[in-house]
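This report concerns only the one structure given below.
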Amino acid sequence: MKKSTKIISAVIAGAAILIGGIWMINESRYPNVPAFDDHFTREFLDKDQKVDDGFYEFKSKTGQYTMWFPGEYQLLHKDREDYAINNDSYENWWAVYNEEVEDEIQKNYIKTEFSTSNPTDESIHVEALFKRRFGLSNPKQIDTSKTRIYYQSAYIYFKGTEKQVISDRKKHIPNTYLAYVADKSSNKILQISFDNSGKYKSDDEEKKKAWFVKILKSIRFNEENNNE
């Protein structure tokens, strides 16, 4: 009986070691960045497709778009409002990066919302979006071969329950960036924003703006699934 127990224990231990070894080999195949440390986040990313320094290709589960995703971010998915999808017509998600700045942890958030909208109403929706977020609509526009991009930034904070918006960069560096990206060949759109809970140094502004614009320009809508 004792001999049989020892054999069973040895088999279990051997199996555990084998499974652990296989798991370690599989894990080692992923890039050593926070995005791939989270099993939910890695479902969206192509581990073999590092598109630019610090970014990996993100593929929406709707099948409707791809974009560059920064490797230090992870998708939130504990609560229902963190991630939502409706077949191939709608998807929204939040991603977070906890950054240490001057011995303090500040949270950086990316939020996206994919949907469709009548292209003839684009100017109305763009104006309403930026007015709702910033109190005024004065977005810059970038045209790529495939998309129209509108974006704007400001410093937003709350005094009590009242939202305060400072659009003048000479008075304060922006902590919020917002964009509306429209496909030129369909009715697909992506609204994307970046928010930061801390404070950046003055020389970080251009870097952050360039980083955000790089993400915007990377957005590609799937031509095979265009909704006309």
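Ligands are numbered from 1 in the order shown, residues from 1 within each chain, and chains are lettered A, B, ... in the order they appear in the structure tokens.
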Chain A: which residues are strand (DSSP E) by DSSP, as JSON, numbers by chain? {"A": [55, 56, 57, 58, 59, 65, 66, 67, 68, 69, 70, 74, 75, 83, 84, 85, 86, 90, 91, 92, 93, 94, 95, 96, 97, 98, 99, 100, 101, 104, 105, 106, 107, 108, 109, 110, 111, 112, 113, 114, 115, 116, 140, 141, 142, 143, 147, 148, 149, 150, 151, 152, 153, 154, 155, 156, 157, 158, 159, 162, 163, 164, 165, 166, 176, 177, 178, 179, 180, 181, 182, 183, 188, 189, 190, 191, 192, 193, 194, 195, 196, 220, 221]}
Pairwise distance, CA of Tyr65 (chain A) with CA of Thr144 (chain A), equals 15.4 Å
Nearest to Asp103 (chain A), chosen from A:Phe44, A:Gly63, A:Gly198, A:Asp168, with only C-alpha atoms counted in the distances: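 Nearest candidate to Asp103 (chain A) out of A:Phe44, A:Gly63, A:Gly198, A:Asp168: A:Gly198.
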Counting only C-alpha atoms, what is within 9 Å of Val96 (chain A), bar same-chain residues fewer than 5 positions away, as a PyMOL selection string? chain A and resi 72-76+107-111
Can you write just those residues out, N, CA and C atoms, as a PDB file, in the first residue's frame?
```pdb
ATOM      1  N   GLU A  72       3.120  48.751 -22.313  1.00  0.00           N
ATOM      2  CA  GLU A  72       3.072  48.917 -20.865  1.00  0.00           C
ATOM      3  C   GLU A  72       1.649  48.940 -20.321  1.00  0.00           C
ATOM      4  N   TYR A  73       0.657  48.942 -21.192  1.00  0.00           N
ATOM      5  CA  TYR A  73      -0.749  49.014 -20.760  1.00  0.00           C
ATOM      6  C   TYR A  73      -1.382  47.625 -20.657  1.00  0.00           C
ATOM      7  N   GLN A  74      -2.426  47.524 -19.821  1.00  0.00           N
ATOM      8  CA  GLN A  74      -3.226  46.309 -19.706  1.00  0.00           C
ATOM      9  C   GLN A  74      -4.710  46.675 -19.769  1.00  0.00           C
ATOM     10  N   LEU A  75      -5.493  45.838 -20.454  1.00  0.00           N
ATOM     11  CA  LEU A  75      -6.927  46.066 -20.526  1.00  0.00           C
ATOM     12  C   LEU A  75      -7.585  45.778 -19.179  1.00  0.00           C
ATOM     13  N   LEU A  76      -8.526  46.612 -18.804  1.00  0.00           N
ATOM     14  CA  LEU A  76      -9.319  46.363 -17.607  1.00  0.00           C
ATOM     15  C   LEU A  76     -10.465  45.419 -17.972  1.00  0.00           C
ATOM     16  N   LYS A 107      -1.862  57.152 -12.600  1.00  0.00           N
ATOM     17  CA  LYS A 107      -2.570  56.273 -13.523  1.00  0.00           C
ATOM     18  C   LYS A 107      -2.741  56.951 -14.885  1.00  0.00           C
ATOM     19  N   ASN A 108      -2.463  56.197 -15.920  1.00  0.00           N
ATOM     20  CA  ASN A 108      -2.674  56.639 -17.290  1.00  0.00           C
ATOM     21  C   ASN A 108      -3.729  55.734 -17.914  1.00  0.00           C
ATOM     22  N   TYR A 109      -4.752  56.328 -18.495  1.00  0.00           N
ATOM     23  CA  TYR A 109      -5.856  55.547 -19.062  1.00  0.00           C
ATOM     24  C   TYR A 109      -6.001  55.794 -20.567  1.00  0.00           C
ATOM     25  N   ILE A 110      -6.280  54.726 -21.280  1.00  0.00           N
ATOM     26  CA  ILE A 110      -6.721  54.819 -22.668  1.00  0.00           C
ATOM     27  C   ILE A 110      -8.132  54.253 -22.718  1.00  0.00           C
ATOM     28  N   LYS A 111      -9.035  54.965 -23.365  1.00  0.00           N
ATOM     29  CA  LYS A 111     -10.409  54.479 -23.524  1.00  0.00           C
ATOM     30  C   LYS A 111     -10.792  54.569 -24.992  1.00  0.00           C
TER      31      LYS A 111
END
```
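Proximity ranking of A:Gln152, A:Asn175, A:Asn92, A:Gln49 relative to Lys131 (chain A) places A:Gln152 first, based on only C-alpha atoms.
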Give the helix (DSSP H, G or I) residues of region 4-215 of chain A, as DSSP finds them on the backbone, and put them as a ChimeraX atom specification. /A:4-28,34-37,39-42,119-134,202-215
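Near region 180-188 of chain A, within a cut-off of 7 Å and counting only C-alpha atoms, sit the residues Ser115, Thr116, Ser117, Asn118, Pro119, Val126, Lys146, Thr147, Arg148, Ile149, Tyr150, Tyr151, Leu190, Gln191, Ile192, Phe221, Asn226, Asn227 and Glu228 of chain A, with same-chain residues fewer than 2 positions away left out.
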Using N, CA, C and O atoms, can you write the selected residues to a file as a PDB file, in the first residue's frame?
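Output contents, as saved in result_2.pdb:
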```
ATOM      1  N   SER A 115     -17.856  52.161 -33.045  1.00  0.00           N
ATOM      2  CA  SER A 115     -19.269  52.117 -33.425  1.00  0.00           C
ATOM      3  C   SER A 115     -19.389  52.542 -34.886  1.00  0.00           C
ATOM      4  O   SER A 115     -18.381  52.652 -35.599  1.00  0.00           O
ATOM      5  N   THR A 116     -20.601  52.790 -35.322  1.00  0.00           N
ATOM      6  CA  THR A 116     -20.837  53.295 -36.677  1.00  0.00           C
ATOM      7  C   THR A 116     -21.665  54.571 -36.589  1.00  0.00           C
ATOM      8  O   THR A 116     -22.403  54.783 -35.628  1.00  0.00           O
ATOM      9  N   SER A 117     -21.528  55.410 -37.614  1.00  0.00           N
ATOM     10  CA  SER A 117     -22.250  56.675 -37.628  1.00  0.00           C
ATOM     11  C   SER A 117     -22.407  57.144 -39.062  1.00  0.00           C
ATOM     12  O   SER A 117     -21.535  56.900 -39.906  1.00  0.00           O
ATOM     13  N   ASN A 118     -23.494  57.817 -39.342  1.00  0.00           N
ATOM     14  CA  ASN A 118     -23.745  58.328 -40.687  1.00  0.00           C
ATOM     15  C   ASN A 118     -22.686  59.366 -41.045  1.00  0.00           C
ATOM     16  O   ASN A 118     -22.577  60.403 -40.391  1.00  0.00           O
ATOM     17  N   PRO A 119     -21.882  59.116 -42.090  1.00  0.00           N
ATOM     18  CA  PRO A 119     -20.822  60.062 -42.466  1.00  0.00           C
ATOM     19  C   PRO A 119     -21.323  61.471 -42.760  1.00  0.00           C
ATOM     20  O   PRO A 119     -20.581  62.446 -42.575  1.00  0.00           O
ATOM     21  N   VAL A 126     -18.744  65.403 -34.386  1.00  0.00           N
ATOM     22  CA  VAL A 126     -17.427  65.869 -33.951  1.00  0.00           C
ATOM     23  C   VAL A 126     -17.564  67.094 -33.054  1.00  0.00           C
ATOM     24  O   VAL A 126     -16.983  67.165 -31.972  1.00  0.00           O
ATOM     25  N   LYS A 146      -6.566  56.622 -45.414  1.00  0.00           N
ATOM     26  CA  LYS A 146      -7.731  55.802 -45.086  1.00  0.00           C
ATOM     27  C   LYS A 146      -8.687  56.460 -44.094  1.00  0.00           C
ATOM     28  O   LYS A 146      -9.865  56.083 -44.034  1.00  0.00           O
ATOM     29  N   THR A 147      -8.205  57.418 -43.305  1.00  0.00           N
ATOM     30  CA  THR A 147      -9.028  57.951 -42.221  1.00  0.00           C
ATOM     31  C   THR A 147      -8.996  59.474 -42.140  1.00  0.00           C
ATOM     32  O   THR A 147      -8.080  60.126 -42.650  1.00  0.00           O
ATOM     33  N   ARG A 148     -10.013  60.009 -41.468  1.00  0.00           N
ATOM     34  CA  ARG A 148     -10.035  61.408 -41.046  1.00  0.00           C
ATOM     35  C   ARG A 148      -9.923  61.418 -39.532  1.00  0.00           C
ATOM     36  O   ARG A 148     -10.699  60.736 -38.843  1.00  0.00           O
ATOM     37  N   ILE A 149      -8.974  62.171 -39.023  1.00  0.00           N
ATOM     38  CA  ILE A 149      -8.703  62.192 -37.596  1.00  0.00           C
ATOM     39  C   ILE A 149      -8.920  63.601 -37.053  1.00  0.00           C
ATOM     40  O   ILE A 149      -8.364  64.568 -37.578  1.00  0.00           O
ATOM     41  N   TYR A 150      -9.733  63.695 -36.003  1.00  0.00           N
ATOM     42  CA  TYR A 150      -9.939  64.958 -35.294  1.00  0.00           C
ATOM     43  C   TYR A 150      -9.451  64.745 -33.858  1.00  0.00           C
ATOM     44  O   TYR A 150      -9.830  63.768 -33.221  1.00  0.00           O
ATOM     45  N   TYR A 151      -8.644  65.676 -33.349  1.00  0.00           N
ATOM     46  CA  TYR A 151      -8.198  65.507 -31.963  1.00  0.00           C
ATOM     47  C   TYR A 151      -7.999  66.864 -31.282  1.00  0.00           C
ATOM     48  O   TYR A 151      -7.761  67.882 -31.929  1.00  0.00           O
ATOM     49  N   LEU A 190     -14.058  55.432 -34.561  1.00  0.00           N
ATOM     50  CA  LEU A 190     -13.449  55.051 -33.293  1.00  0.00           C
ATOM     51  C   LEU A 190     -13.194  56.326 -32.494  1.00  0.00           C
ATOM     52  O   LEU A 190     -12.531  57.244 -32.981  1.00  0.00           O
ATOM     53  N   GLN A 191     -13.769  56.386 -31.309  1.00  0.00           N
ATOM     54  CA  GLN A 191     -13.488  57.491 -30.397  1.00  0.00           C
ATOM     55  C   GLN A 191     -12.457  56.983 -29.397  1.00  0.00           C
ATOM     56  O   GLN A 191     -12.630  55.921 -28.804  1.00  0.00           O
ATOM     57  N   ILE A 192     -11.394  57.741 -29.203  1.00  0.00           N
ATOM     58  CA  ILE A 192     -10.327  57.294 -28.335  1.00  0.00           C
ATOM     59  C   ILE A 192      -9.817  58.467 -27.500  1.00  0.00           C
ATOM     60  O   ILE A 192      -9.680  59.575 -28.003  1.00  0.00           O
ATOM     61  N   PHE A 221      -9.266  50.402 -40.344  1.00  0.00           N
ATOM     62  CA  PHE A 221     -10.563  49.729 -40.354  1.00  0.00           C
ATOM     63  C   PHE A 221     -10.545  48.629 -41.404  1.00  0.00           C
ATOM     64  O   PHE A 221      -9.974  48.795 -42.489  1.00  0.00           O
ATOM     65  N   ASN A 226     -16.723  46.267 -44.216  1.00  0.00           N
ATOM     66  CA  ASN A 226     -17.289  47.617 -44.218  1.00  0.00           C
ATOM     67  C   ASN A 226     -18.806  47.584 -44.148  1.00  0.00           C
ATOM     68  O   ASN A 226     -19.452  46.802 -44.837  1.00  0.00           O
ATOM     69  N   ASN A 227     -19.371  48.423 -43.322  1.00  0.00           N
ATOM     70  CA  ASN A 227     -20.820  48.541 -43.204  1.00  0.00           C
ATOM     71  C   ASN A 227     -21.279  49.736 -44.002  1.00  0.00           C
ATOM     72  O   ASN A 227     -20.994  50.865 -43.654  1.00  0.00           O
ATOM     73  N   GLU A 228     -21.925  49.524 -45.077  1.00  0.00           N
ATOM     74  CA  GLU A 228     -22.383  50.618 -45.925  1.00  0.00           C
ATOM     75  C   GLU A 228     -23.765  51.068 -45.516  1.00  0.00           C
ATOM     76  O   GLU A 228     -24.558  50.302 -45.057  1.00  0.00           O
TER      77      GLU A 228
END
```
What's the 6 Å shell around region 203-219 of chain A, counting only C-alpha atoms, without same-chain residues fewer than 4 positions away, as a PDB file with N, CA and C atoms, in the first residue's frame?
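Output saved as around_0.pdb:
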```pdb
ATOM      1  N   THR A  66      -7.924  47.427 -36.450  1.00  0.00           N
ATOM      2  CA  THR A  66      -6.671  47.161 -35.756  1.00  0.00           C
ATOM      3  C   THR A  66      -6.040  48.498 -35.385  1.00  0.00           C
ATOM      4  N   MET A  67      -5.128  48.466 -34.428  1.00  0.00           N
ATOM      5  CA  MET A  67      -4.416  49.676 -34.026  1.00  0.00           C
ATOM      6  C   MET A  67      -3.152  49.278 -33.279  1.00  0.00           C
ATOM      7  N   TRP A  68      -2.302  50.242 -32.999  1.00  0.00           N
ATOM      8  CA  TRP A  68      -1.116  49.972 -32.193  1.00  0.00           C
ATOM      9  C   TRP A  68      -1.456  50.114 -30.721  1.00  0.00           C
TER      10      TRP A  68
END
```
Among the residues A:Tyr30, A:Phe194, A:Tyr90, A:Tyr155, the one that comes closest to Gln64 (chain A) [using only C-alpha atoms]: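 Answer, going by the shortest atom-to-atom distance: A:Tyr90.
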Between CA of Glu113 (chain A) and CA of Trp93 (chain A), distance in Å (one decimal):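 Result for CA of Glu113 (chain A) versus CA of Trp93 (chain A): 6.8 Å, one decimal.
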